[in-house]
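Take a look at the structure set out below.
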Amino acid sequence: MKRKAKLLPIRLYGDKILRQKAKKVNEFTPEINEFIADLVFTMYEKDGVGLAAPQVGRSLRIFVVDPFWFHEDQKKNPIVLVNPEFIKFEGQITSDEGCLSFPDIFETVNRAERAIIKGQNEKGETVKFNADGLFSRAVQHEYDHLEGILFIDKIPKLRKLMITKKLKDLKATTDENGVNLENYRKK
């Protein structure tokens with residue numbers, strides 16, 4: 001019998017894991033595949049277009065994206081990338097971004113318009129994608145999470161000053177270890 005995927009709690013800004021560089025996945029175990037299924041399920045349940053392992057408290061180089069599911073009659077086509085690497089970037093585009101780890105915060109971020117990225121899928125097979133537009137933005141955003149980089153790191157200092165109170169309020173919901181406790185109470 002197939003295990004039902006479960007909803008994972010999203011870590012919010014202030015949680016220390018969001019600032020750590022994630023660890024490489026060396027083995028594709030049944031536990032890793034269950035985790036990937038939970039990550040995909042959580043992304044859809046939280047209305048995200050992407051979700052990285054650190055955002056749910058796991059220091060693993062895994063993220064999932066599906067930047068078009070909310071456009072195409074809710075047709076879900078998740079893309080799993082394990083141990084991803086960028087091969088090439090082209091162009092530049094500026095657009096608003098949000099993040100599940102930053103509820104109700106949206107800021108304008110510069111990203112490459114197109115990117116070529118490779119990695120492994122959930123079966124450990126090598127995959128490569130030519131991403132553009134929202135797909136390119138999503139893979140760059142999620143990859144940054146694996147490096148401990150947050151989208152607010154890419155906004156101008158003046159803009160960051162303007163959202164300081166929102167950031168302090170989010171950070172205030174974490175304990176002395178940087179774990180967001182409010183998020184766990186809302187399960």
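Order determines the names: the first chain of the structure tokens is A, the second B, and so forth; residues in each chain are numbered 1 upward, and ligands are numbered 1 upward as they are shown.
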Exercise for review: Within segment 56-144 of chain A, find each residue whose DSSP state, derived from the backbone, is strand (DSSP E or B), and express the selection as a PyMOL selection string.
Suggested key: chain A and resi 60+62-65+79-90+93-99+102-111+114-120+126-132
Once you have the residues from the selection above, write them out as a JSON list (two decimals), in the first residue's frame, restricted to C-alpha atoms.
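Dumped to out_16.json:
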[["chain", "number", "residue", "atom", "x", "y", "z"],
["A", 60, "LEU", "CA", 19.29, 18.51, 1.81],
["A", 62, "ILE", "CA", 16.50, 19.04, -2.97],
["A", 63, "PHE", "CA", 13.82, 21.33, -4.32],
["A", 64, "VAL", "CA", 10.59, 20.96, -6.23],
["A", 65, "VAL", "CA", 8.95, 23.44, -8.61],
["A", 79, "ILE", "CA", 9.71, 18.94, -11.26],
["A", 80, "VAL", "CA", 12.09, 17.47, -8.70],
["A", 81, "LEU", "CA", 15.72, 18.55, -8.66],
["A", 82, "VAL", "CA", 18.23, 16.84, -6.39],
["A", 83, "ASN", "CA", 21.80, 18.14, -6.19],
["A", 84, "PRO", "CA", 21.08, 20.79, -8.84],
["A", 85, "GLU", "CA", 23.75, 22.82, -10.64],
["A", 86, "PHE", "CA", 23.39, 25.72, -13.03],
["A", 87, "ILE", "CA", 25.13, 25.38, -16.38],
["A", 88, "LYS", "CA", 24.32, 28.76, -17.91],
["A", 89, "PHE", "CA", 22.45, 32.02, -17.35],
["A", 90, "GLU", "CA", 21.22, 34.46, -20.01],
["A", 93, "ILE", "CA", 14.46, 40.16, -15.83],
["A", 94, "THR", "CA", 12.99, 42.04, -12.90],
["A", 95, "SER", "CA", 9.77, 40.90, -11.30],
["A", 96, "ASP", "CA", 7.98, 40.55, -7.97],
["A", 97, "GLU", "CA", 8.77, 37.51, -5.85],
["A", 98, "GLY", "CA", 7.34, 36.04, -2.73],
["A", 99, "CYS", "CA", 8.35, 33.09, -0.59],
["A", 102, "PHE", "CA", 8.12, 35.09, 4.20],
["A", 103, "PRO", "CA", 4.31, 35.22, 4.40],
["A", 104, "ASP", "CA", 2.77, 38.39, 2.93],
["A", 105, "ILE", "CA", 6.11, 39.84, 1.80],
["A", 106, "PHE", "CA", 6.63, 40.47, -1.92],
["A", 107, "GLU", "CA", 9.57, 42.35, -3.38],
["A", 108, "THR", "CA", 11.06, 43.10, -6.79],
["A", 109, "VAL", "CA", 14.07, 40.91, -7.56],
["A", 110, "ASN", "CA", 16.47, 40.76, -10.52],
["A", 111, "ARG", "CA", 17.08, 37.27, -11.91],
["A", 114, "ARG", "CA", 16.87, 32.10, -18.86],
["A", 115, "ALA", "CA", 18.86, 29.38, -17.14],
["A", 116, "ILE", "CA", 20.05, 25.90, -17.91],
["A", 117, "ILE", "CA", 20.03, 23.68, -14.84],
["A", 118, "LYS", "CA", 20.85, 20.04, -14.32],
["A", 119, "GLY", "CA", 20.49, 17.65, -11.43],
["A", 120, "GLN", "CA", 18.82, 14.38, -10.59],
["A", 126, "THR", "CA", 20.23, 12.90, -14.52],
["A", 127, "VAL", "CA", 17.87, 15.58, -15.84],
["A", 128, "LYS", "CA", 18.51, 18.91, -17.53],
["A", 129, "PHE", "CA", 16.12, 21.81, -18.12],
["A", 130, "ASN", "CA", 16.21, 24.94, -20.25],
["A", 131, "ALA", "CA", 14.19, 27.26, -18.06],
["A", 132, "ASP", "CA", 12.86, 30.67, -18.98]]
**Study point:** Shell of 12 Å around Asp66 of chain A, only C-alpha atoms, local chain residues under 5 positions omitted, as a ChimeraX atom specification
**Key:** /A:39-41,43-44,47-51,71-72,74-81,131,134-139,142
**Study point:** Nearest to Lys2 of chain A by atom-to-atom distance, counting only C-alpha atoms, from A:Val56, A:Asn33, A:Leu170, A:Glu113
**Key:** A:Asn33
Practice item. Would you mind reading off the distance between atom CA of Ile152 of chain A and atom CA of Gly57 of chain A, one decimal, in Å? Key: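 Spanning atom CA of Ile152 of chain A to atom CA of Gly57 of chain A is a straight-line distance of 19.3 Å.
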